[in-house]
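Coordinates from data_19.pdb are shown below (PDB, C-alpha atoms).
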ATOM      1  CA  MET A  14      27.273   4.072 -18.188
ATOM      2  CA  MET A  15      25.727   1.228 -16.214
ATOM      3  CA  THR A  16      24.400   3.553 -13.499
ATOM      4  CA  LYS A  17      22.835   5.829 -16.122
ATOM      5  CA  ARG A  18      21.162   2.788 -17.655
ATOM      6  CA  LYS A  19      19.830   1.661 -14.256
ATOM      7  CA  LEU A  20      18.597   5.178 -13.527
ATOM      8  CA  LEU A  21      16.865   5.337 -16.889
ATOM      9  CA  LEU A  22      15.255   1.928 -16.393
ATOM     10  CA  SER A  23      14.086   2.909 -12.903
ATOM     11  CA  ALA A  24      12.611   6.140 -14.239
ATOM     12  CA  LEU A  25      10.808   4.289 -17.029
ATOM     13  CA  ALA A  26       9.434   1.738 -14.567
ATOM     14  CA  MET A  27       8.171   4.519 -12.284
ATOM     15  CA  LEU A  28       6.506   6.307 -15.205
ATOM     16  CA  SER A  29       4.886   3.056 -16.336
ATOM     17  CA  ILE A  30       3.522   2.341 -12.879
ATOM     18  CA  THR A  31       2.256   5.914 -12.540
ATOM     19  CA  GLY A  32       0.626   5.571 -15.946
ATOM     20  CA  LEU A  33      -1.100   2.357 -14.907
ATOM     21  CA  ALA A  34      -2.437   4.103 -11.822
ATOM     22  CA  ALA A  35      -3.818   6.942 -13.917
ATOM     23  CA  CYS A  36      -5.637   4.469 -16.190
ATOM     24  CA  HIS A  37      -7.036   2.386 -13.347
ATOM     25  CA  PRO A  38     -10.681   3.216 -12.643
ATOM     26  CA  ALA A  39     -11.325   4.394  -9.105
ATOM     27  CA  ALA A  40     -13.758   2.463  -6.980
ATOM     28  CA  THR A  41     -16.820   4.150  -5.587
ATOM     29  CA  ASP A  42     -17.333   4.430  -1.844
ATOM     30  CA  LYS A  43     -19.851   1.593  -2.084
ATOM     31  CA  ASN A  44     -17.625  -0.946  -3.800
ATOM     32  CA  PHE A  45     -14.059  -0.001  -2.825
ATOM     33  CA  ALA A  46     -13.784  -2.991  -0.459
ATOM     34  CA  ALA A  47     -14.916  -5.391  -3.192
ATOM     35  CA  VAL A  48     -12.434  -3.876  -5.652
ATOM     36  CA  ILE A  49      -9.467  -4.141  -3.305
ATOM     37  CA  HIS A  50     -10.482  -7.613  -2.076
ATOM     38  CA  GLU A  51     -10.668  -8.812  -5.678
ATOM     39  CA  ALA A  52      -7.124  -7.494  -6.195
ATOM     40  CA  LYS A  53      -5.730  -9.680  -3.383
ATOM     41  CA  THR A  54      -2.424 -11.180  -4.513
ATOM     42  CA  ASN A  55       0.434 -13.251  -3.183
ATOM     43  CA  TYR A  56       3.002 -11.082  -4.942
ATOM     44  CA  VAL A  57       4.031  -7.465  -4.471
ATOM     45  CA  GLY A  58       5.414  -7.638  -8.017
ATOM     46  CA  ASP A  59       1.874  -7.910  -9.439
ATOM     47  CA  ASN A  60       1.760  -4.172 -10.081
ATOM     48  CA  SER A  61      -1.784  -3.927 -11.470
ATOM     49  CA  LYS A  62      -3.243  -5.630  -8.391
ATOM     50  CA  VAL A  63      -1.011  -3.688  -6.004
ATOM     51  CA  ILE A  64      -2.107  -0.420  -7.645
ATOM     52  CA  ALA A  65      -5.763  -1.499  -7.405
ATOM     53  CA  ILE A  66      -5.310  -2.019  -3.671
ATOM     54  CA  VAL A  67      -3.413   1.119  -2.684
ATOM     55  CA  SER A  68      -5.129   3.502  -5.110
ATOM     56  CA  ASN A  69      -8.620   2.584  -3.886
ATOM     57  CA  LEU A  70      -7.964   3.045  -0.178
ATOM     58  CA  THR A  71      -9.047   6.288   1.447
ATOM     59  CA  TYR A  72      -6.147   8.011   3.186
ATOM     60  CA  PRO A  73      -6.396  10.196   6.308
ATOM     61  CA  HIS A  74      -6.106  13.999   6.402
ATOM     62  CA  GLY A  75      -7.150  14.318   2.774
ATOM     63  CA  ALA A  76      -4.007  12.600   1.492
ATOM     64  CA  LYS A  77      -4.453  11.161  -2.009
ATOM     65  CA  PHE A  78      -2.737   8.270  -3.748
ATOM     66  CA  ASN A  79      -0.154   9.472  -6.285
ATOM     67  CA  SER A  80       2.084   6.561  -7.325
ATOM     68  CA  ILE A  81       4.009   3.532  -6.120
ATOM     69  CA  GLU A  82       7.473   2.074  -6.336
ATOM     70  CA  ILE A  83       7.770  -1.703  -6.004
ATOM     71  CA  HIS A  84      10.910  -3.318  -4.586
ATOM     72  CA  SER A  85      10.715  -6.927  -5.746
ATOM     73  CA  ALA A  86      14.179  -7.671  -7.072
ATOM     74  CA  GLN A  87      15.202  -9.407  -3.839
ATOM     75  CA  GLU A  88      13.809 -10.176  -0.410
ATOM     76  CA  PRO A  89      12.603  -8.547   1.729
ATOM     77  CA  TYR A  90      10.036  -7.294  -0.756
ATOM     78  CA  GLY A  91       8.835  -3.747  -0.289
ATOM     79  CA  LEU A  92       6.464  -1.110  -1.511
ATOM     80  CA  ASP A  93       6.701   2.678  -1.436
ATOM     81  CA  VAL A  94       3.362   4.483  -1.676
ATOM     82  CA  TYR A  95       3.594   8.154  -2.638
ATOM     83  CA  LEU A  96       0.784  10.351  -1.346
ATOM     84  CA  LYS A  97      -0.194  13.926  -2.185
ATOM     85  CA  THR A  98      -0.586  15.610   1.195
ATOM     86  CA  GLU A  99      -2.265  18.939   0.551
ATOM     87  CA  GLY A 100      -4.495  18.883   3.648
ATOM     88  CA  GLY A 101      -1.812  17.933   6.175
ATOM     89  CA  SER A 102       0.521  15.010   6.597
ATOM     90  CA  PRO A 103      -0.833  11.785   8.062
ATOM     91  CA  THR A 104       1.183  10.119  10.833
ATOM     92  CA  ALA A 105       2.067   6.450  11.312
ATOM     93  CA  ASP A 106      -0.925   6.083  13.659
ATOM     94  CA  ASP A 107      -3.174   7.634  11.000
ATOM     95  CA  LEU A 108      -1.881   5.230   8.336
ATOM     96  CA  PHE A 109      -1.848   2.042  10.436
ATOM     97  CA  LYS A 110      -5.194   0.683   9.195
ATOM     98  CA  ASN A 111      -4.281   1.393   5.567
ATOM     99  CA  ALA A 112      -1.026  -0.477   6.140
ATOM    100  CA  ALA A 113      -2.773  -3.420   7.830
ATOM    101  CA  VAL A 114      -5.204  -3.773   4.916
ATOM    102  CA  THR A 115      -2.351  -3.518   2.396
ATOM    103  CA  PHE A 116      -0.326  -6.233   4.184
ATOM    104  CA  SER A 117      -3.440  -8.414   4.469
ATOM    105  CA  LEU A 118      -3.977  -8.303   0.706
ATOM    106  CA  ILE A 119      -0.368  -8.640  -0.545
ATOM    107  CA  GLY A 120       1.035 -11.973   0.601
ATOM    108  CA  ASN A 121       4.789 -11.474   0.257
ATOM    109  CA  LEU A 122       4.957  -7.790   1.199
ATOM    110  CA  SER A 123       7.519  -7.329   3.998
ATOM    111  CA  GLN A 124       8.075  -3.555   4.128
ATOM    112  CA  LEU A 125       5.652  -0.711   3.386
ATOM    113  CA  ASN A 126       6.665   2.950   3.273
ATOM    114  CA  TYR A 127       4.406   5.959   2.817
ATOM    115  CA  LEU A 128       6.131   9.031   1.387
ATOM    116  CA  ASP A 129       5.132  12.560   0.465
ATOM    117  CA  ALA A 130       4.879  12.644  -3.341
ATOM    118  CA  ASP A 131       6.127  16.215  -3.593
ATOM    119  CA  ASN A 132       9.319  16.001  -1.556
ATOM    120  CA  ARG A 133       9.768  12.218  -1.057
ATOM    121  CA  ARG A 134       9.819  12.815   2.703
ATOM    122  CA  PRO A 135       8.911   9.680   4.691
ATOM    123  CA  LEU A 136       5.502   9.829   6.361
ATOM    124  CA  ALA A 137       5.435   6.342   7.914
ATOM    125  CA  SER A 138       7.071   2.930   7.602
ATOM    126  CA  PHE A 139       5.663  -0.458   8.552
ATOM    127  CA  ASN A 140       6.820  -4.050   8.366
ATOM    128  CA  ARG A 141       4.708  -7.205   8.373
ATOM    129  CA  VAL A 142       5.963  -8.488  11.725
ATOM    130  CA  ASN A 143       5.163  -5.243  13.563
ATOM    131  CA  ILE A 144       1.697  -5.057  11.997
ATOM    132  CA  GLN A 145       0.962  -8.667  12.974
ATOM    133  CA  GLU A 146       2.196  -8.090  16.542
ATOM    134  CA  ARG A 147       0.096  -4.953  16.979
ATOM    135  CA  LEU A 148      -3.005  -6.698  15.613
ATOM    136  CA  LYS A 149      -2.379  -9.719  17.843
ATOM    137  CA  ALA A 150      -2.016  -7.463  20.905
ATOM    138  CA  SER A 151      -5.445  -5.964  20.187
ATOM    139  CA  GLN A 152      -6.880  -9.522  20.132
ATOM    140  CA  GLU A 153      -9.513  -8.306  17.716
ATOM    141  CA  ASN A 154      -7.979  -8.788  14.311
ATOM    142  CA  SER A 155      -5.355 -10.534  12.264
ATOM    143  CA  LEU A 156      -4.220 -10.027   8.698
ATOM    144  CA  GLU A 157      -6.144 -13.162   7.738
ATOM    145  CA  LYS A 158      -9.384 -11.902   9.324
ATOM    146  CA  ILE A 159      -9.071  -8.500   7.673
ATOM    147  CA  ALA A 160      -8.587 -10.022   4.195
ATOM    148  CA  ASN A 161     -11.354 -12.592   4.631
ATOM    149  CA  SER A 162     -13.991 -10.694   2.605
ATOM    150  CA  PRO A 163     -14.909  -7.246   1.326
ATOM    151  CA  GLU A 164     -17.157  -6.892   4.365
ATOM    152  CA  SER A 165     -14.313  -7.710   6.776
ATOM    153  CA  ILE A 166     -12.084  -5.093   5.098
ATOM    154  CA  LYS A 167     -14.778  -2.432   5.301
ATOM    155  CA  SER A 168     -15.617  -3.346   8.901
ATOM    156  CA  TYR A 169     -11.975  -3.128   9.974
ATOM    157  CA  LEU A 170     -11.481   0.261   8.341
ATOM    158  CA  GLU A 171     -14.646   1.618   9.959
ATOM    159  CA  GLN A 172     -13.689   0.568  13.517
TER     160      GLN A 172
END

This structure in structure tokens:
Amino acid sequence: MMTKRKLLLSALAMLSITGLAACHPAATDKNFAAVIHEAKTNYVGDNSKVIAIVSNLTYPHGAKFNSIEIHSAQEPYGLDVYLKTEGGSPTADDLFKNAAVTFSLIGNLSQLNYLDADNRRPLASFNRVNIQERLKASQENSLEKIANSPESIKSYLEQ
């Protein structure tokens, strides 16, 4: 009985989040960086801001944002981003910049997973520490620099 209730509540939460994403206006190419920068939040549990961030990013290989699942009941806090992958599946290298921008704009996000929306197959997984280390090794960027302004987000994604 309790597991059925949890399953039902999880399903309702997922439908609600998907519904919010469908109602959220998409940013244009010109203002996407301003839209996602404005959505910057300290909390992965702030679903409207998290959706604004991940739904307005452009994904490689024609992948499109589908929905999210937030894991904020206990630390480490995580986020699953479901992508429609009709034009081919992006790899972890392809998704790295999207992940870096997402971590830069969501303060307490520890784990980020990209999954295929159709079959729930993992596409890539990232954690904050690994992202920070890889950015530090490049000596060009940090999460703080990326999230500094809409211009810094756009510049990083265009590198």

**Request:** On this file, the PyMOL selection byres ((chain A and resi 156) around 9) gives some set of residues; write that set as a list in words.
**Result:**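 Checked against the file, the PyMOL selection byres ((chain A and resi 156) around 9) matches Ala113, Val114, Phe116, Ser117, Leu118, Ile144, Gln145, Leu148, Asn154, Ser155, Glu157, Lys158, Ile159, Ala160 and Asn161 of chain A.
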
**Message:** I need the output of the PyMOL selection byres ((chain A and resi 124) around 9) for this file as a VMD selection string; which residues are they?
**Reply:** chain A and resid 89 to 93 116 122 to 123 125 to 126 138 to 141

**Message:** Please enumerate the residues selected by the PyMOL selection byres ((chain A and resi 131) around 12) when evaluated against the supplied file, formatted as a PyMOL selection string.
**Reply:** chain A and resi 76-80+95-99+102+128-130+132-136

**Request:** Kindly give the distance, in Å, that separates CA of His84 in chain A and CA of Tyr169 in chain A, rounded to a single decimal.
**Result:**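 CA of Tyr169 in chain A lies at a distance of 27.1 Å from CA of His84 in chain A.
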
**Prompt:** How many Å lie between CA of Gly75 in chain A and CA of Gly101 in chain A, rounded to one decimal?
**Reply:**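 Interatomic distance, CA of Gly75 in chain A to CA of Gly101 in chain A: 7.3 Å.
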
**Request:** In Å, rounded to a single decimal, give me how far CA of Val57 in chain A is from CA of Ser85 in chain A.
**Result:**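 Atom-to-atom, CA of Ser85 in chain A to CA of Val57 in chain A, that is 6.8 Å.
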
**Message:** Give me the residues near Val67 in chain A as a list in words, where near means some atom within 9 Å (using only C-alpha atoms) and where sequence neighbours in that chain fewer than 6 positions away do not count.
**Reply:**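 In the requested form, the answer reads Ile49, Phe78, Ile81, Val94, Asn111 and Thr115 of chain A.
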
**Asked** Counting all atoms listed in the file, what is within 8 Å of Asn60 in chain A, bar same-chain residues fewer than 3 positions away, as a list in words?
**Response**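 Surrounding residues, per the criterion: Ile30, Val57, Val63, Ile64 and Ile83 of chain A.
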
Could you work out an axis-aligned box for range 65-70 of chain A, taking every atom the file lists and adding 8 Å on each side, and report centre and edge lengths in Å to one decimal, as AutoDock Vina command-line options?
--center_x -6.0 --center_y 0.7 --center_z -3.8 --size_x 21.2 --size_y 21.5 --size_z 23.2

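Shortest separation to Asn44 in chain A among A:Asn69, A:Ser61, A:Glu88, A:Glu153 occurs at residue A:Asn69, atoms counted being all atoms listed in the file.
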